[in-house]
$ cat query_7.cif   # mmCIF, N, CA and C atoms
data_query
loop_
_atom_site.label_atom_id
_atom_site.label_comp_id
_atom_site.auth_asym_id
_atom_site.auth_seq_id
_atom_site.Cartn_x
_atom_site.Cartn_y
_atom_site.Cartn_z
N MET A 1 12.67 -9.56 -4.76
CA MET A 1 12.41 -8.29 -4.14
C MET A 1 13.52 -7.32 -4.51
N LYS A 2 13.16 -6.08 -4.80
CA LYS A 2 14.16 -5.09 -5.12
C LYS A 2 14.92 -4.68 -3.87
N LYS A 3 16.10 -4.17 -4.08
CA LYS A 3 16.90 -3.66 -2.97
C LYS A 3 16.20 -2.46 -2.37
N ASP A 4 16.24 -2.34 -1.04
CA ASP A 4 15.60 -1.23 -0.33
C ASP A 4 16.52 -0.01 -0.39
N ALA A 5 16.56 0.65 -1.57
CA ALA A 5 17.46 1.75 -1.83
C ALA A 5 17.20 2.94 -0.95
N ALA A 6 18.29 3.51 -0.42
CA ALA A 6 18.29 4.77 0.32
C ALA A 6 17.55 4.74 1.65
N LEU A 7 17.17 3.58 2.12
CA LEU A 7 16.60 3.45 3.46
C LEU A 7 17.66 2.85 4.35
N SER A 8 17.67 3.24 5.61
CA SER A 8 18.60 2.59 6.53
C SER A 8 18.19 1.14 6.67
N PRO A 9 19.13 0.27 6.93
CA PRO A 9 18.79 -1.15 7.11
C PRO A 9 17.79 -1.35 8.26
N GLN A 10 17.87 -0.53 9.29
CA GLN A 10 16.95 -0.67 10.42
C GLN A 10 15.51 -0.36 10.01
N VAL A 11 15.31 0.70 9.23
CA VAL A 11 13.96 1.07 8.78
C VAL A 11 13.42 0.01 7.83
N ALA A 12 14.23 -0.43 6.89
CA ALA A 12 13.80 -1.47 5.95
C ALA A 12 13.41 -2.74 6.70
N THR A 13 14.22 -3.15 7.64
CA THR A 13 13.92 -4.35 8.43
C THR A 13 12.64 -4.18 9.22
N ARG A 14 12.47 -3.02 9.84
CA ARG A 14 11.25 -2.76 10.63
C ARG A 14 10.00 -2.86 9.75
N ILE A 15 10.05 -2.33 8.54
CA ILE A 15 8.90 -2.38 7.63
C ILE A 15 8.64 -3.82 7.18
N HIS A 16 9.68 -4.53 6.81
CA HIS A 16 9.51 -5.92 6.37
C HIS A 16 8.96 -6.80 7.49
N GLU A 17 9.46 -6.61 8.71
CA GLU A 17 8.98 -7.41 9.85
C GLU A 17 7.52 -7.07 10.17
N SER A 18 7.17 -5.79 10.12
CA SER A 18 5.80 -5.38 10.39
C SER A 18 4.85 -5.97 9.35
N PHE A 19 5.25 -5.90 8.08
CA PHE A 19 4.42 -6.45 7.01
C PHE A 19 4.22 -7.96 7.21
N ALA A 20 5.28 -8.65 7.55
CA ALA A 20 5.21 -10.11 7.74
C ALA A 20 4.28 -10.48 8.89
N ALA A 21 4.07 -9.57 9.83
CA ALA A 21 3.20 -9.84 10.98
C ALA A 21 1.72 -9.55 10.69
N GLN A 22 1.40 -9.02 9.52
CA GLN A 22 0.02 -8.69 9.18
C GLN A 22 -0.71 -9.93 8.65
N ALA A 23 -1.58 -10.48 9.47
CA ALA A 23 -2.34 -11.67 9.06
C ALA A 23 -3.22 -11.38 7.85
N MET A 24 -3.78 -10.17 7.76
CA MET A 24 -4.65 -9.82 6.64
C MET A 24 -3.88 -9.89 5.31
N MET A 25 -2.67 -9.36 5.28
CA MET A 25 -1.88 -9.40 4.05
C MET A 25 -1.55 -10.84 3.68
N ALA A 26 -1.25 -11.67 4.66
CA ALA A 26 -0.97 -13.09 4.39
C ALA A 26 -2.22 -13.77 3.84
N THR A 27 -3.37 -13.48 4.41
CA THR A 27 -4.63 -14.07 3.94
C THR A 27 -4.89 -13.71 2.49
N LEU A 28 -4.55 -12.48 2.11
CA LEU A 28 -4.78 -12.00 0.74
C LEU A 28 -3.69 -12.46 -0.24
N GLY A 29 -2.63 -13.06 0.28
CA GLY A 29 -1.51 -13.48 -0.57
C GLY A 29 -0.64 -12.31 -1.01
N ALA A 30 -0.72 -11.20 -0.29
CA ALA A 30 0.02 -9.99 -0.66
C ALA A 30 1.51 -10.13 -0.34
N ARG A 31 2.32 -9.45 -1.16
CA ARG A 31 3.77 -9.44 -0.98
C ARG A 31 4.28 -8.01 -1.00
N LEU A 32 5.20 -7.72 -0.12
CA LEU A 32 5.89 -6.43 -0.10
C LEU A 32 7.05 -6.57 -1.09
N VAL A 33 7.03 -5.82 -2.19
CA VAL A 33 8.03 -6.03 -3.24
C VAL A 33 9.03 -4.91 -3.40
N ASP A 34 8.76 -3.73 -2.85
CA ASP A 34 9.72 -2.63 -2.96
C ASP A 34 9.46 -1.63 -1.85
N VAL A 35 10.54 -1.19 -1.22
CA VAL A 35 10.46 -0.20 -0.15
C VAL A 35 11.54 0.84 -0.39
N GLY A 36 11.16 2.10 -0.33
CA GLY A 36 12.12 3.19 -0.44
C GLY A 36 11.66 4.33 0.43
N PRO A 37 12.43 5.38 0.51
CA PRO A 37 12.03 6.50 1.35
C PRO A 37 10.74 7.15 0.82
N GLY A 38 9.69 7.07 1.59
CA GLY A 38 8.42 7.67 1.22
C GLY A 38 7.63 6.93 0.16
N ARG A 39 8.00 5.67 -0.12
CA ARG A 39 7.27 4.89 -1.13
C ARG A 39 7.36 3.40 -0.84
N VAL A 40 6.26 2.70 -1.16
CA VAL A 40 6.19 1.25 -0.95
C VAL A 40 5.33 0.65 -2.05
N ARG A 41 5.71 -0.54 -2.48
CA ARG A 41 4.94 -1.27 -3.50
C ARG A 41 4.54 -2.62 -2.92
N ILE A 42 3.25 -2.93 -3.03
CA ILE A 42 2.69 -4.20 -2.58
C ILE A 42 1.93 -4.82 -3.73
N GLU A 43 2.08 -6.13 -3.92
CA GLU A 43 1.34 -6.87 -4.94
C GLU A 43 0.49 -7.93 -4.28
N ALA A 44 -0.68 -8.19 -4.87
CA ALA A 44 -1.55 -9.26 -4.38
C ALA A 44 -2.22 -9.94 -5.56
N PRO A 45 -2.23 -11.27 -5.57
CA PRO A 45 -2.95 -11.97 -6.63
C PRO A 45 -4.45 -11.77 -6.46
N ILE A 46 -5.16 -11.78 -7.57
CA ILE A 46 -6.63 -11.73 -7.51
C ILE A 46 -7.10 -13.18 -7.43
N LEU A 47 -7.22 -13.65 -6.20
CA LEU A 47 -7.59 -15.03 -5.92
C LEU A 47 -9.11 -15.21 -6.01
N PRO A 48 -9.58 -16.43 -6.20
CA PRO A 48 -11.03 -16.65 -6.25
C PRO A 48 -11.75 -16.10 -5.01
N GLY A 49 -11.13 -16.21 -3.84
CA GLY A 49 -11.75 -15.73 -2.61
C GLY A 49 -11.74 -14.23 -2.42
N SER A 50 -11.07 -13.50 -3.32
CA SER A 50 -11.05 -12.03 -3.21
C SER A 50 -11.76 -11.37 -4.40
N ARG A 51 -12.60 -12.14 -5.07
CA ARG A 51 -13.38 -11.60 -6.19
C ARG A 51 -14.80 -11.28 -5.75
N GLN A 52 -15.41 -10.31 -6.42
CA GLN A 52 -16.82 -10.01 -6.14
C GLN A 52 -17.69 -10.81 -7.13
N GLN A 53 -18.98 -10.57 -7.08
CA GLN A 53 -19.94 -11.41 -7.82
C GLN A 53 -19.79 -11.36 -9.34
N HIS A 54 -19.14 -10.33 -9.88
CA HIS A 54 -18.95 -10.23 -11.33
C HIS A 54 -17.59 -10.76 -11.79
N GLY A 55 -16.81 -11.25 -10.83
CA GLY A 55 -15.51 -11.82 -11.17
C GLY A 55 -14.34 -10.86 -11.07
N PHE A 56 -14.61 -9.59 -10.79
CA PHE A 56 -13.54 -8.61 -10.63
C PHE A 56 -12.97 -8.71 -9.22
N ALA A 57 -11.76 -8.18 -9.02
CA ALA A 57 -11.23 -8.09 -7.66
C ALA A 57 -12.15 -7.21 -6.84
N HIS A 58 -12.46 -7.64 -5.63
CA HIS A 58 -13.32 -6.86 -4.74
C HIS A 58 -12.60 -5.56 -4.38
N ALA A 59 -13.36 -4.49 -4.27
CA ALA A 59 -12.79 -3.19 -3.89
C ALA A 59 -12.07 -3.28 -2.55
N GLY A 60 -12.49 -4.19 -1.69
CA GLY A 60 -11.83 -4.37 -0.40
C GLY A 60 -10.38 -4.80 -0.55
N LEU A 61 -10.07 -5.57 -1.59
CA LEU A 61 -8.69 -5.96 -1.86
C LEU A 61 -7.87 -4.75 -2.26
N SER A 62 -8.41 -3.93 -3.17
CA SER A 62 -7.72 -2.70 -3.57
C SER A 62 -7.48 -1.80 -2.37
N PHE A 63 -8.52 -1.65 -1.54
CA PHE A 63 -8.40 -0.77 -0.37
C PHE A 63 -7.36 -1.31 0.60
N ALA A 64 -7.40 -2.60 0.87
CA ALA A 64 -6.49 -3.18 1.86
C ALA A 64 -5.03 -3.02 1.47
N ILE A 65 -4.70 -3.35 0.22
CA ILE A 65 -3.28 -3.25 -0.16
C ILE A 65 -2.87 -1.79 -0.38
N GLY A 66 -3.82 -0.94 -0.82
CA GLY A 66 -3.51 0.48 -0.97
C GLY A 66 -3.27 1.15 0.36
N ASP A 67 -4.11 0.84 1.35
CA ASP A 67 -3.94 1.39 2.69
C ASP A 67 -2.61 0.95 3.29
N SER A 68 -2.27 -0.32 3.13
CA SER A 68 -1.00 -0.82 3.66
C SER A 68 0.19 -0.19 2.95
N ALA A 69 0.13 -0.06 1.63
CA ALA A 69 1.23 0.56 0.90
C ALA A 69 1.42 2.01 1.33
N ALA A 70 0.33 2.75 1.47
CA ALA A 70 0.42 4.14 1.91
C ALA A 70 0.92 4.23 3.35
N GLY A 71 0.45 3.33 4.21
CA GLY A 71 0.88 3.33 5.60
C GLY A 71 2.36 3.03 5.76
N TYR A 72 2.85 2.04 5.03
CA TYR A 72 4.27 1.72 5.12
C TYR A 72 5.13 2.80 4.47
N ALA A 73 4.62 3.47 3.45
CA ALA A 73 5.34 4.62 2.91
C ALA A 73 5.50 5.68 3.99
N ALA A 74 4.43 5.93 4.75
CA ALA A 74 4.49 6.90 5.86
C ALA A 74 5.48 6.43 6.92
N LEU A 75 5.44 5.15 7.26
CA LEU A 75 6.34 4.63 8.28
C LEU A 75 7.80 4.79 7.86
N SER A 76 8.06 4.73 6.56
CA SER A 76 9.44 4.83 6.07
C SER A 76 10.07 6.20 6.34
N VAL A 77 9.27 7.21 6.62
CA VAL A 77 9.81 8.55 6.88
C VAL A 77 9.69 8.95 8.36
N MET A 78 9.28 8.02 9.20
CA MET A 78 9.12 8.29 10.63
C MET A 78 10.44 8.11 11.37
N PRO A 79 10.60 8.86 12.47
CA PRO A 79 11.78 8.64 13.31
C PRO A 79 11.76 7.26 13.96
N GLU A 80 12.91 6.82 14.40
CA GLU A 80 13.07 5.53 15.07
C GLU A 80 12.05 5.38 16.20
N GLY A 81 11.41 4.23 16.24
CA GLY A 81 10.47 3.92 17.30
C GLY A 81 9.03 4.34 17.06
N TYR A 82 8.79 5.21 16.09
CA TYR A 82 7.44 5.66 15.79
C TYR A 82 6.68 4.60 14.99
N GLU A 83 5.38 4.64 15.10
CA GLU A 83 4.48 3.83 14.29
C GLU A 83 3.49 4.80 13.63
N VAL A 84 2.64 4.30 12.74
CA VAL A 84 1.60 5.14 12.14
C VAL A 84 0.28 4.38 12.15
N LEU A 85 -0.80 5.13 12.17
CA LEU A 85 -2.15 4.58 12.03
C LEU A 85 -2.91 5.41 11.02
N THR A 86 -3.75 4.76 10.25
CA THR A 86 -4.62 5.47 9.32
C THR A 86 -5.70 6.18 10.12
N THR A 87 -5.88 7.47 9.85
CA THR A 87 -6.97 8.20 10.50
C THR A 87 -8.10 8.49 9.52
N GLU A 88 -7.77 8.48 8.23
CA GLU A 88 -8.77 8.75 7.20
C GLU A 88 -8.21 8.25 5.88
N MET A 89 -9.07 7.59 5.08
CA MET A 89 -8.64 7.11 3.77
C MET A 89 -9.84 7.10 2.84
N LYS A 90 -9.66 7.66 1.67
CA LYS A 90 -10.72 7.70 0.66
C LYS A 90 -10.23 6.94 -0.57
N ILE A 91 -11.16 6.21 -1.19
CA ILE A 91 -10.81 5.46 -2.39
C ILE A 91 -11.68 5.93 -3.55
N HIS A 92 -11.04 6.10 -4.70
CA HIS A 92 -11.75 6.37 -5.95
C HIS A 92 -11.57 5.12 -6.81
N LEU A 93 -12.67 4.46 -7.13
CA LEU A 93 -12.62 3.28 -7.99
C LEU A 93 -12.76 3.76 -9.43
N LEU A 94 -11.73 3.54 -10.22
CA LEU A 94 -11.65 4.11 -11.56
C LEU A 94 -12.08 3.15 -12.66
N ALA A 95 -11.91 1.85 -12.42
CA ALA A 95 -12.25 0.84 -13.44
C ALA A 95 -12.36 -0.50 -12.74
N PRO A 96 -13.07 -1.46 -13.35
CA PRO A 96 -13.12 -2.80 -12.76
C PRO A 96 -11.71 -3.40 -12.70
N ALA A 97 -11.40 -4.04 -11.60
CA ALA A 97 -10.07 -4.62 -11.39
C ALA A 97 -10.07 -6.04 -11.96
N LYS A 98 -9.78 -6.15 -13.27
CA LYS A 98 -9.76 -7.44 -13.97
C LYS A 98 -8.32 -7.91 -14.09
N GLY A 99 -8.14 -9.22 -13.97
CA GLY A 99 -6.82 -9.76 -14.22
C GLY A 99 -6.36 -10.74 -13.18
N GLU A 100 -5.04 -10.86 -13.10
CA GLU A 100 -4.41 -11.83 -12.22
C GLU A 100 -3.78 -11.22 -10.99
N LEU A 101 -3.42 -9.93 -11.05
CA LEU A 101 -2.61 -9.32 -10.00
C LEU A 101 -3.00 -7.87 -9.80
N LEU A 102 -3.02 -7.44 -8.54
CA LEU A 102 -3.16 -6.02 -8.23
C LEU A 102 -1.84 -5.52 -7.68
N VAL A 103 -1.48 -4.31 -8.07
CA VAL A 103 -0.24 -3.68 -7.61
C VAL A 103 -0.61 -2.34 -6.98
N ALA A 104 -0.19 -2.15 -5.72
CA ALA A 104 -0.42 -0.90 -5.01
C ALA A 104 0.90 -0.19 -4.83
N GLU A 105 0.93 1.07 -5.24
CA GLU A 105 2.13 1.89 -5.06
C GLU A 105 1.76 3.05 -4.15
N GLY A 106 2.22 2.97 -2.90
CA GLY A 106 1.93 4.01 -1.92
C GLY A 106 3.08 5.00 -1.85
N ARG A 107 2.71 6.27 -1.55
CA ARG A 107 3.75 7.30 -1.42
C ARG A 107 3.30 8.39 -0.47
N VAL A 108 4.28 9.04 0.09
CA VAL A 108 4.03 10.16 1.00
C VAL A 108 3.96 11.43 0.17
N LEU A 109 2.88 12.17 0.34
CA LEU A 109 2.76 13.47 -0.32
C LEU A 109 3.32 14.59 0.54
N ARG A 110 3.04 14.49 1.85
CA ARG A 110 3.52 15.52 2.77
C ARG A 110 3.76 14.90 4.14
N PRO A 111 5.03 14.76 4.52
CA PRO A 111 5.31 14.25 5.85
C PRO A 111 5.15 15.37 6.88
N GLY A 112 4.67 15.03 8.03
CA GLY A 112 4.53 16.03 9.08
C GLY A 112 4.71 15.40 10.44
N ARG A 113 4.87 16.25 11.45
CA ARG A 113 5.03 15.74 12.81
C ARG A 113 3.71 15.22 13.38
N ARG A 114 2.60 15.84 12.98
CA ARG A 114 1.29 15.44 13.51
C ARG A 114 0.45 14.65 12.51
N LEU A 115 0.60 14.96 11.23
CA LEU A 115 -0.15 14.27 10.18
C LEU A 115 0.78 13.99 9.01
N VAL A 116 0.56 12.85 8.36
CA VAL A 116 1.30 12.48 7.15
C VAL A 116 0.25 12.24 6.08
N ILE A 117 0.32 13.02 4.99
CA ILE A 117 -0.63 12.89 3.89
C ILE A 117 -0.03 11.90 2.88
N VAL A 118 -0.86 10.91 2.52
CA VAL A 118 -0.39 9.82 1.66
C VAL A 118 -1.37 9.57 0.52
N GLU A 119 -0.89 8.84 -0.48
CA GLU A 119 -1.77 8.36 -1.54
C GLU A 119 -1.24 7.03 -2.04
N ALA A 120 -2.12 6.31 -2.73
CA ALA A 120 -1.72 5.04 -3.34
C ALA A 120 -2.49 4.87 -4.63
N ASP A 121 -1.82 4.38 -5.64
CA ASP A 121 -2.45 4.03 -6.91
C ASP A 121 -2.45 2.52 -7.02
N ILE A 122 -3.58 1.99 -7.50
CA ILE A 122 -3.74 0.54 -7.67
C ILE A 122 -3.88 0.26 -9.15
N HIS A 123 -3.08 -0.68 -9.64
CA HIS A 123 -3.15 -1.12 -11.03
C HIS A 123 -3.46 -2.62 -11.06
N ALA A 124 -4.26 -3.02 -12.02
CA ALA A 124 -4.55 -4.43 -12.25
C ALA A 124 -3.76 -4.89 -13.47
N LEU A 125 -3.18 -6.07 -13.39
CA LEU A 125 -2.44 -6.64 -14.51
C LEU A 125 -3.23 -7.82 -15.07
N GLU A 126 -3.49 -7.75 -16.38
CA GLU A 126 -4.22 -8.81 -17.06
C GLU A 126 -3.56 -9.08 -18.40
N ASP A 127 -3.07 -10.30 -18.58
CA ASP A 127 -2.42 -10.70 -19.83
C ASP A 127 -1.35 -9.70 -20.27
N GLY A 128 -0.53 -9.25 -19.32
CA GLY A 128 0.55 -8.33 -19.63
C GLY A 128 0.14 -6.88 -19.78
N ARG A 129 -1.14 -6.59 -19.69
CA ARG A 129 -1.62 -5.20 -19.78
C ARG A 129 -1.91 -4.67 -18.38
N GLU A 130 -1.68 -3.39 -18.20
CA GLU A 130 -1.87 -2.74 -16.91
C GLU A 130 -3.00 -1.72 -17.01
N ALA A 131 -3.90 -1.72 -16.02
CA ALA A 131 -5.00 -0.74 -15.98
C ALA A 131 -5.01 -0.08 -14.60
N HIS A 132 -5.12 1.24 -14.60
CA HIS A 132 -5.23 2.00 -13.35
C HIS A 132 -6.66 1.84 -12.86
N VAL A 133 -6.84 1.14 -11.72
CA VAL A 133 -8.19 0.81 -11.27
C VAL A 133 -8.65 1.57 -10.03
N ALA A 134 -7.72 2.14 -9.27
CA ALA A 134 -8.13 2.86 -8.06
C ALA A 134 -7.05 3.83 -7.61
N ARG A 135 -7.48 4.87 -6.90
CA ARG A 135 -6.57 5.80 -6.23
C ARG A 135 -7.11 6.03 -4.83
N LEU A 136 -6.22 5.93 -3.87
CA LEU A 136 -6.55 6.22 -2.48
C LEU A 136 -5.81 7.47 -2.05
N MET A 137 -6.43 8.23 -1.19
CA MET A 137 -5.76 9.38 -0.58
C MET A 137 -6.18 9.44 0.87
N GLY A 138 -5.22 9.69 1.75
CA GLY A 138 -5.56 9.67 3.15
C GLY A 138 -4.55 10.34 4.05
N THR A 139 -4.79 10.14 5.33
CA THR A 139 -4.00 10.75 6.38
C THR A 139 -3.57 9.69 7.37
N MET A 140 -2.31 9.73 7.73
CA MET A 140 -1.76 8.85 8.77
C MET A 140 -1.37 9.73 9.95
N ILE A 141 -1.50 9.17 11.14
CA ILE A 141 -1.07 9.89 12.33
C ILE A 141 0.13 9.16 12.92
N PRO A 142 1.22 9.89 13.16
CA PRO A 142 2.38 9.27 13.81
C PRO A 142 2.09 8.97 15.28
N LEU A 143 2.53 7.82 15.74
CA LEU A 143 2.39 7.45 17.15
C LEU A 143 3.78 7.42 17.78
N ALA A 144 4.00 8.27 18.76
CA ALA A 144 5.28 8.35 19.43
C ALA A 144 5.51 7.13 20.31
N PRO A 145 6.78 6.76 20.48
CA PRO A 145 7.09 5.60 21.35
C PRO A 145 6.72 5.85 22.80
#
$ encode --input "query_7.cif" --output "C-alpha cells"
Amino acid sequence: MKKDAALSPQVATRIHESFAAQAMMATLGARLVDVGPGRVRIEAPILPGSRQQHGFAHAGLSFAIGDSAAGYAALSVMPEGYEVLTTEMKIHLLAPAKGELLVAEGRVLRPGRRLVIVEADIHALEDGREAHVARLMGTMIPLAP
C-alpha cells in the first residue's frame, strides 16, 4: 500500500477502518491501495463470481468499487466526525471489462458543505494492458456528527 500522503493520520486511519468494515468490499476481494486528499484508489480482482454471462466483469463490480472510491475520496475532505452517503451516481460503461483486475480511481471534483461532487474512473488490466472501461459521476451528502 502506498503511503497516505498529505492526509492526517486520523483521516487516513478512519478511511482504512471504514473500508475494512465493508462486507461488500471483502466479498468482492477489493483492496484499498491509495488514499490522499480528495482521491482514493481501490482494486478488485475479476473473480469467477463477479463475471457476467460473456465472461467480462459485471458492471455491478465496476459500480461498487467506483462508488466506494468516490465516497472515500469525499470522506477524505470532510471535517472530523463527518460521514458521507451517496445520493446520486451515474455510470457510463465505455468498454467490456476484460482481464484480471479492475482499478477504481475516485476523486473529488467539488467539495461543499451540503453536496460533494465526485467522479471515478475504472480501468481493467489484462496481460499488462490497461483499458478505460467505465466512468462514474455522482453526488455525496455530508452527514454531520
$ closest_residue --input "query_7.cif" --among "A:Pro45, A:Glu126, A:Glu119, A:Ser8" --to "Ala57 (chain A)" --atoms "all atoms listed in the file"
A:Pro45
$ closest_residue --input "query_7.cif" --among "A:Leu93, A:Ala73, A:Ala64, A:Ala59" --to "Val35 (chain A)" --atoms "all atoms listed in the file"
A:Ala73
$ closest_residue --input "query_7.cif" --among "A:Leu101, A:Val108, A:Met140, A:Val40" --to "Asp127 (chain A)" --atoms "only C-alpha atoms"
A:Leu101
$ resolve_selection --input "query_7.cif" --expression "the PyMOL selection byres ((chain A and resi 91) around 5)" --output "number ranges by chain"
A: 89-90, 92-93, 135-136
$ select_by_dssp --input "query_7.cif" --residues "region 3-86 of chain A" --states "helix (DSSP H, G or I)" --output "JSON, numbers by chain"
{"A": [9, 10, 11, 12, 13, 14, 15, 16, 17, 18, 19, 20, 23, 24, 25, 26, 27, 28, 48, 49, 50, 59, 60, 61, 62, 63, 64, 65, 66, 67, 68, 69, 70, 71, 72, 73, 74, 75]}
$ decode --input "query_7.cif" --residues "region 108-125 of chain A" --atoms "N, CA and C atoms" --output "compact mmCIF listing (two decimals), in the first residue's frame"
# COMPACT_ATOMS: atom_id res chain seq x y z
N VAL A 108 -12.54 13.90 -5.82
CA VAL A 108 -13.50 14.96 -5.54
C VAL A 108 -13.34 16.03 -6.61
N LEU A 109 -14.45 16.38 -7.25
CA LEU A 109 -14.44 17.47 -8.22
C LEU A 109 -14.73 18.80 -7.56
N ARG A 110 -15.69 18.77 -6.62
CA ARG A 110 -16.07 19.99 -5.93
C ARG A 110 -16.55 19.66 -4.52
N PRO A 111 -15.75 20.00 -3.52
CA PRO A 111 -16.20 19.78 -2.15
C PRO A 111 -17.16 20.89 -1.74
N GLY A 112 -18.13 20.54 -0.95
CA GLY A 112 -19.07 21.55 -0.47
C GLY A 112 -19.58 21.18 0.90
N ARG A 113 -20.23 22.14 1.55
CA ARG A 113 -20.79 21.88 2.87
C ARG A 113 -22.04 21.01 2.79
N ARG A 114 -22.82 21.17 1.72
CA ARG A 114 -24.07 20.41 1.58
C ARG A 114 -23.97 19.27 0.57
N LEU A 115 -23.17 19.46 -0.47
CA LEU A 115 -23.00 18.44 -1.51
C LEU A 115 -21.53 18.36 -1.89
N VAL A 116 -21.09 17.14 -2.19
CA VAL A 116 -19.73 16.91 -2.68
C VAL A 116 -19.87 16.21 -4.02
N ILE A 117 -19.34 16.83 -5.07
CA ILE A 117 -19.42 16.26 -6.42
C ILE A 117 -18.16 15.42 -6.64
N VAL A 118 -18.38 14.18 -7.07
CA VAL A 118 -17.28 13.22 -7.20
C VAL A 118 -17.33 12.52 -8.56
N GLU A 119 -16.22 11.89 -8.91
CA GLU A 119 -16.19 11.02 -10.08
C GLU A 119 -15.20 9.89 -9.81
N ALA A 120 -15.33 8.85 -10.61
CA ALA A 120 -14.39 7.73 -10.53
C ALA A 120 -14.20 7.15 -11.93
N ASP A 121 -12.98 6.81 -12.25
CA ASP A 121 -12.67 6.12 -13.49
C ASP A 121 -12.28 4.70 -13.15
N ILE A 122 -12.78 3.76 -13.97
CA ILE A 122 -12.49 2.34 -13.77
C ILE A 122 -11.68 1.85 -14.95
N HIS A 123 -10.57 1.20 -14.65
CA HIS A 123 -9.71 0.60 -15.68
C HIS A 123 -9.62 -0.91 -15.44
N ALA A 124 -9.60 -1.66 -16.51
CA ALA A 124 -9.39 -3.11 -16.44
C ALA A 124 -7.97 -3.40 -16.88
N LEU A 125 -7.31 -4.30 -16.17
CA LEU A 125 -5.96 -4.71 -16.52
C LEU A 125 -6.00 -6.14 -17.04
